[in-house]
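In what follows, a structure is listed as structure tokens, so that the remarks can point back to it.
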Amino acid sequence: MTTALEPALSVRQVLTLDRVLAGEPEVVAGAGHLDRPVRWVHVAEAADVGVMLSGGEMVLTTGVLLAGDPDAQAEYIRSLHRAEAAAVVLGLGRAFPAPPDVMRRAAERCGLPMVVLHRPFPFAELTEEVQSRLVRSKFAAVSLSEAVRTALTGLITAGAPLQRMLDEIAGHAACPVVVTNLAHRVLATAGERSAVDDVLRDWERIARQAGGSEGDGWIRAELGGRGERWGRIVLCGYRGEGATGRLLADRAAESLVLHRMLGGSVHTWEEESAQSLLTDLVSGVVPARQLLPRARAAGLPVNRRAFVPLVVRDGDPVQLDRVLRLLGLPGLVAELADGATAVLLSLARDQDGEALAAHFALRLRHETGARTTVAAASPHTAWDDVPGGLREALHVAEAAADAPADQDEPLLVRLRDVHLRGLVRLLRDDPHVQSFAERELDGLLCGADAESELLPVLRTYLATGRNKSRTAQLHHVSRPALYRRLEAIEARLGVDLDDFEQAASVHIALLAHDAQQR
């Protein structure tokens, strides 16, 4: 049988060679099986040629020993079928001036391509042409295999991420490459973006095709090790020789299994897939509409859904995903930059998004035992609004993190809960706000003891609503000692903290300063 290490021409391809066309070939049987691979070409006149074959041969004959014996002709075809020959080519001449009906009918019943040549044809020329092409194809395939193996091994040694590995594979395959789990959910892709999007757009339907057949250049290889399968790699629309594509897919699979076993990343491929998608959504570099096929292929329900973006500071993605599964809520979890972990819930539109977000926050705190706060954006029914919602949840999480340490940590916090602190965080990078903060706090910021003594006192005093007793208690000082520190603060800033407007101005400046420092 033809294997991935034995690249082959198909019967159809052989029939298009110039030397074959010169013989005026005609397919008289088995026309539906012309894509069979031809491993070798064999010239044989023996009636029992089938015992000499090992499979995949195109047999060339004049039929001189079969003429006048219909039973021998039918048995000849059946023996080729049993030997799994690729096709039989009969040169018409003295033995058979016309296609023999017995052989034609037997070939049609067996599904064996039968071709007749209407003009005299030197079989040696065809044999030489096909054999040389097969040898060149095999050499090219082996060279490609070694080149791919060398390149991927180098990347593994260098600790390259999965995406870099797939980019290398896609470069050799010149077609989209998709890695899935056993449930056909897409974990990673590579290749020209528009071609990848075309593949993902209808992934739910074509994934089954990719998993069950290799027609139209869809070539797959299983991923697994130690007796366990956990995914597959698919070359989508490979345009080269089928055997070469299978060889390439096998080499890619071997390298990906090795990459996973060596633990080249602290994240699983599923986590990396969700992280890539949610990071692209938050950044806005890729329009949300273009990311929809990736979300759908990753297993996120997207049709007629309500999306609830959540963010947890210093959250563990594994724990968050576990809580999602416990609650039976579909969604994606990924760790973003700056210690924030995002959760994108996908709910039916008749479900109460706010109530389920609160339920998620309660269950998370119960499971982790930590005083975790979940920041939530409003539910969105339009996919295009999801990036803005994720950025809103990130903003709320950052603003909530700026809250004074003595305040109780709420289960769930929304934009309406962060008030002035949230507004200041949004404006923290504005040069006017930065200049305002420096001007208002200059008398404290320039002092060597500001951060160690006076600035924390001012921060607590304003956060407690200018409650002197509470401030003294939190800083473990006497009331007279606190008064002296407040007088020093007022002197340095040149303000009267008993004046509401002046105190509010200093408070806003301090919020801006803290936001910038974070």
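Residue numbers start at 1 in each chain; chains themselves are named A, B, ... in the order of the structure tokens; ligands are numbered from 1 in the order shown.
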Checklist entry - Excluding same-chain residues fewer than 3 positions from Cys236 of chain A, what lies within 8 Å of it counting only C-alpha atoms, as number ranges by chain? => result A: 175-178, 199, 217-219
Kindly export the residues of the current selection with N, CA and C atoms, as a PDB file, in the first residue's frame.
```
ATOM      1  N   CYS A 175      -0.876  26.753   3.335  1.00  0.00           N
ATOM      2  CA  CYS A 175      -2.327  26.695   3.487  1.00  0.00           C
ATOM      3  C   CYS A 175      -2.638  26.913   4.964  1.00  0.00           C
ATOM      4  N   PRO A 176      -3.893  27.225   5.315  1.00  0.00           N
ATOM      5  CA  PRO A 176      -4.237  27.393   6.731  1.00  0.00           C
ATOM      6  C   PRO A 176      -3.987  26.115   7.523  1.00  0.00           C
ATOM      7  N   VAL A 177      -3.529  26.286   8.752  1.00  0.00           N
ATOM      8  CA  VAL A 177      -3.283  25.174   9.666  1.00  0.00           C
ATOM      9  C   VAL A 177      -4.117  25.398  10.918  1.00  0.00           C
ATOM     10  N   VAL A 178      -4.822  24.379  11.349  1.00  0.00           N
ATOM     11  CA  VAL A 178      -5.709  24.485  12.510  1.00  0.00           C
ATOM     12  C   VAL A 178      -5.383  23.359  13.487  1.00  0.00           C
ATOM     13  N   VAL A 199     -11.870  29.555   6.625  1.00  0.00           N
ATOM     14  CA  VAL A 199     -11.984  28.219   7.201  1.00  0.00           C
ATOM     15  C   VAL A 199     -12.840  28.260   8.470  1.00  0.00           C
ATOM     16  N   GLY A 217      -7.786  18.325  -0.219  1.00  0.00           N
ATOM     17  CA  GLY A 217      -6.609  18.846   0.460  1.00  0.00           C
ATOM     18  C   GLY A 217      -6.744  18.976   1.962  1.00  0.00           C
ATOM     19  N   TRP A 218      -7.796  18.411   2.557  1.00  0.00           N
ATOM     20  CA  TRP A 218      -7.934  18.442   4.017  1.00  0.00           C
ATOM     21  C   TRP A 218      -7.178  17.235   4.571  1.00  0.00           C
ATOM     22  N   ILE A 219      -6.064  17.509   5.218  1.00  0.00           N
ATOM     23  CA  ILE A 219      -5.188  16.443   5.704  1.00  0.00           C
ATOM     24  C   ILE A 219      -5.020  16.608   7.208  1.00  0.00           C
TER      25      ILE A 219
END
```
Might you pull out every residue within 6 Å of segment 106-118 of chain A, with only C-alpha atoms counted and same-chain residues fewer than 5 positions away left off, and present them as a PDB file with all heavy atoms, in the first residue's frame?
```pdb
ATOM      1  N   GLY A  23      -0.538   8.525 -26.841  1.00  0.00           N
ATOM      2  CA  GLY A  23      -1.152   7.240 -27.111  1.00  0.00           C
ATOM      3  C   GLY A  23      -2.668   7.286 -27.168  1.00  0.00           C
ATOM      4  O   GLY A  23      -3.309   6.236 -27.293  1.00  0.00           O
ATOM      5  N   GLU A  24      -3.250   8.495 -27.088  1.00  0.00           N
ATOM      6  CA  GLU A  24      -4.707   8.688 -27.132  1.00  0.00           C
ATOM      7  C   GLU A  24      -5.408   7.779 -26.115  1.00  0.00           C
ATOM      8  O   GLU A  24      -6.149   6.862 -26.456  1.00  0.00           O
ATOM      9  CB  GLU A  24      -5.239   8.418 -28.534  1.00  0.00           C
ATOM     10  CG  GLU A  24      -4.695   9.384 -29.581  1.00  0.00           C
ATOM     11  CD  GLU A  24      -5.276   9.127 -30.971  1.00  0.00           C
ATOM     12  OE1 GLU A  24      -6.185   8.278 -31.086  1.00  0.00           O
ATOM     13  OE2 GLU A  24      -4.818   9.793 -31.914  1.00  0.00           O
ATOM     14  N   PRO A  25      -5.201   8.035 -24.815  1.00  0.00           N
ATOM     15  CA  PRO A  25      -5.810   7.184 -23.791  1.00  0.00           C
ATOM     16  C   PRO A  25      -7.319   7.414 -23.687  1.00  0.00           C
ATOM     17  O   PRO A  25      -7.816   8.520 -23.889  1.00  0.00           O
ATOM     18  CB  PRO A  25      -5.101   7.625 -22.509  1.00  0.00           C
ATOM     19  CG  PRO A  25      -4.730   9.050 -22.761  1.00  0.00           C
ATOM     20  CD  PRO A  25      -4.397   9.120 -24.234  1.00  0.00           C
ATOM     21  N   GLU A  26      -8.022   6.345 -23.340  1.00  0.00           N
ATOM     22  CA  GLU A  26      -9.465   6.420 -23.101  1.00  0.00           C
ATOM     23  C   GLU A  26      -9.783   5.588 -21.861  1.00  0.00           C
ATOM     24  O   GLU A  26      -9.417   4.418 -21.779  1.00  0.00           O
ATOM     25  CB  GLU A  26     -10.258   5.899 -24.299  1.00  0.00           C
ATOM     26  CG  GLU A  26     -11.765   5.908 -24.051  1.00  0.00           C
ATOM     27  CD  GLU A  26     -12.554   5.193 -25.139  1.00  0.00           C
ATOM     28  OE1 GLU A  26     -11.929   4.669 -26.081  1.00  0.00           O
ATOM     29  OE2 GLU A  26     -13.794   5.129 -25.023  1.00  0.00           O
ATOM     30  N   VAL A  27     -10.477   6.201 -20.905  1.00  0.00           N
ATOM     31  CA  VAL A  27     -10.890   5.474 -19.710  1.00  0.00           C
ATOM     32  C   VAL A  27     -12.188   4.749 -20.040  1.00  0.00           C
ATOM     33  O   VAL A  27     -13.209   5.377 -20.332  1.00  0.00           O
ATOM     34  CB  VAL A  27     -11.094   6.428 -18.517  1.00  0.00           C
ATOM     35  CG1 VAL A  27     -11.545   5.656 -17.282  1.00  0.00           C
ATOM     36  CG2 VAL A  27      -9.814   7.195 -18.219  1.00  0.00           C
ATOM     37  N   VAL A  28     -12.156   3.427 -19.982  1.00  0.00           N
ATOM     38  CA  VAL A  28     -13.334   2.649 -20.351  1.00  0.00           C
ATOM     39  C   VAL A  28     -14.017   2.017 -19.135  1.00  0.00           C
ATOM     40  O   VAL A  28     -15.113   1.470 -19.269  1.00  0.00           O
ATOM     41  CB  VAL A  28     -12.957   1.559 -21.379  1.00  0.00           C
ATOM     42  CG1 VAL A  28     -12.438   2.182 -22.668  1.00  0.00           C
ATOM     43  CG2 VAL A  28     -11.941   0.581 -20.798  1.00  0.00           C
ATOM     44  N   ALA A  29     -13.389   2.088 -17.967  1.00  0.00           N
ATOM     45  CA  ALA A  29     -14.008   1.536 -16.748  1.00  0.00           C
ATOM     46  C   ALA A  29     -13.352   2.194 -15.523  1.00  0.00           C
ATOM     47  O   ALA A  29     -12.203   2.650 -15.590  1.00  0.00           O
ATOM     48  CB  ALA A  29     -13.842   0.029 -16.677  1.00  0.00           C
ATOM     49  N   GLY A  30     -14.106   2.234 -14.436  1.00  0.00           N
ATOM     50  CA  GLY A  30     -13.560   2.763 -13.178  1.00  0.00           C
ATOM     51  C   GLY A  30     -13.245   4.249 -13.218  1.00  0.00           C
ATOM     52  O   GLY A  30     -12.326   4.707 -12.526  1.00  0.00           O
ATOM     53  N   ALA A  74     -11.425 -12.112 -17.472  1.00  0.00           N
ATOM     54  CA  ALA A  74     -12.133 -11.692 -16.262  1.00  0.00           C
ATOM     55  C   ALA A  74     -11.297 -11.972 -15.008  1.00  0.00           C
ATOM     56  O   ALA A  74     -11.225 -11.152 -14.085  1.00  0.00           O
ATOM     57  CB  ALA A  74     -13.482 -12.414 -16.169  1.00  0.00           C
ATOM     58  N   ALA A  87      -4.371   0.672 -11.406  1.00  0.00           N
ATOM     59  CA  ALA A  87      -5.090   0.736 -12.684  1.00  0.00           C
ATOM     60  C   ALA A  87      -4.446  -0.248 -13.639  1.00  0.00           C
ATOM     61  O   ALA A  87      -3.338  -0.761 -13.408  1.00  0.00           O
ATOM     62  CB  ALA A  87      -5.033   2.150 -13.263  1.00  0.00           C
ATOM     63  N   VAL A  88      -5.150  -0.535 -14.719  1.00  0.00           N
ATOM     64  CA  VAL A  88      -4.601  -1.350 -15.791  1.00  0.00           C
ATOM     65  C   VAL A  88      -4.701  -0.554 -17.085  1.00  0.00           C
ATOM     66  O   VAL A  88      -5.720   0.089 -17.357  1.00  0.00           O
ATOM     67  CB  VAL A  88      -5.334  -2.706 -15.910  1.00  0.00           C
ATOM     68  CG1 VAL A  88      -6.826  -2.506 -16.186  1.00  0.00           C
ATOM     69  CG2 VAL A  88      -4.699  -3.567 -17.000  1.00  0.00           C
ATOM     70  N   VAL A  89      -3.622  -0.564 -17.865  1.00  0.00           N
ATOM     71  CA  VAL A  89      -3.575   0.147 -19.141  1.00  0.00           C
ATOM     72  C   VAL A  89      -3.349  -0.887 -20.232  1.00  0.00           C
ATOM     73  O   VAL A  89      -2.339  -1.621 -20.216  1.00  0.00           O
ATOM     74  CB  VAL A  89      -2.449   1.196 -19.159  1.00  0.00           C
ATOM     75  CG1 VAL A  89      -2.390   1.884 -20.518  1.00  0.00           C
ATOM     76  CG2 VAL A  89      -2.667   2.220 -18.052  1.00  0.00           C
ATOM     77  N   LEU A  90      -4.275  -0.973 -21.180  1.00  0.00           N
ATOM     78  CA  LEU A  90      -4.232  -1.957 -22.248  1.00  0.00           C
ATOM     79  C   LEU A  90      -3.921  -1.265 -23.559  1.00  0.00           C
ATOM     80  O   LEU A  90      -4.652  -0.362 -23.989  1.00  0.00           O
ATOM     81  CB  LEU A  90      -5.580  -2.689 -22.333  1.00  0.00           C
ATOM     82  CG  LEU A  90      -5.743  -3.698 -23.473  1.00  0.00           C
ATOM     83  CD1 LEU A  90      -4.775  -4.875 -23.287  1.00  0.00           C
ATOM     84  CD2 LEU A  90      -7.188  -4.194 -23.548  1.00  0.00           C
ATOM     85  N   GLY A  91      -2.825  -1.675 -24.187  1.00  0.00           N
ATOM     86  CA  GLY A  91      -2.487  -1.139 -25.495  1.00  0.00           C
ATOM     87  C   GLY A  91      -3.206  -1.911 -26.585  1.00  0.00           C
ATOM     88  O   GLY A  91      -3.010  -3.122 -26.729  1.00  0.00           O
ATOM     89  N   LEU A  92      -4.070  -1.246 -27.337  1.00  0.00           N
ATOM     90  CA  LEU A  92      -4.819  -1.917 -28.393  1.00  0.00           C
ATOM     91  C   LEU A  92      -3.882  -2.258 -29.553  1.00  0.00           C
ATOM     92  O   LEU A  92      -2.956  -1.508 -29.871  1.00  0.00           O
ATOM     93  CB  LEU A  92      -5.964  -1.039 -28.868  1.00  0.00           C
ATOM     94  CG  LEU A  92      -7.005  -0.657 -27.801  1.00  0.00           C
ATOM     95  CD1 LEU A  92      -8.114   0.187 -28.423  1.00  0.00           C
ATOM     96  CD2 LEU A  92      -7.595  -1.901 -27.139  1.00  0.00           C
TER      97      LEU A  92
END
```
Next on the checklist: I need the residues in segment 315-499 of chain A that are strand (DSSP E or B) according to DSSP; give them as a PyMOL selection string.
Outcome noted: chain A and resi 331-335+340-348+374-376+380+412-413
Next on the checklist: as a PyMOL selection string, please: every residue in segment 92-308 of chain A that DSSP puts in alpha helix (DSSP H).
Outcome noted: chain A and resi 101-110+123-157+162-173+193-201+203-212+242-261+269-283+288-297
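Considering the residues A:Leu187, A:Ala437, A:Val477, A:Val11 and counting only C-alpha atoms, Leu34 of chain A has its shortest atom-to-atom contact with A:Val11.
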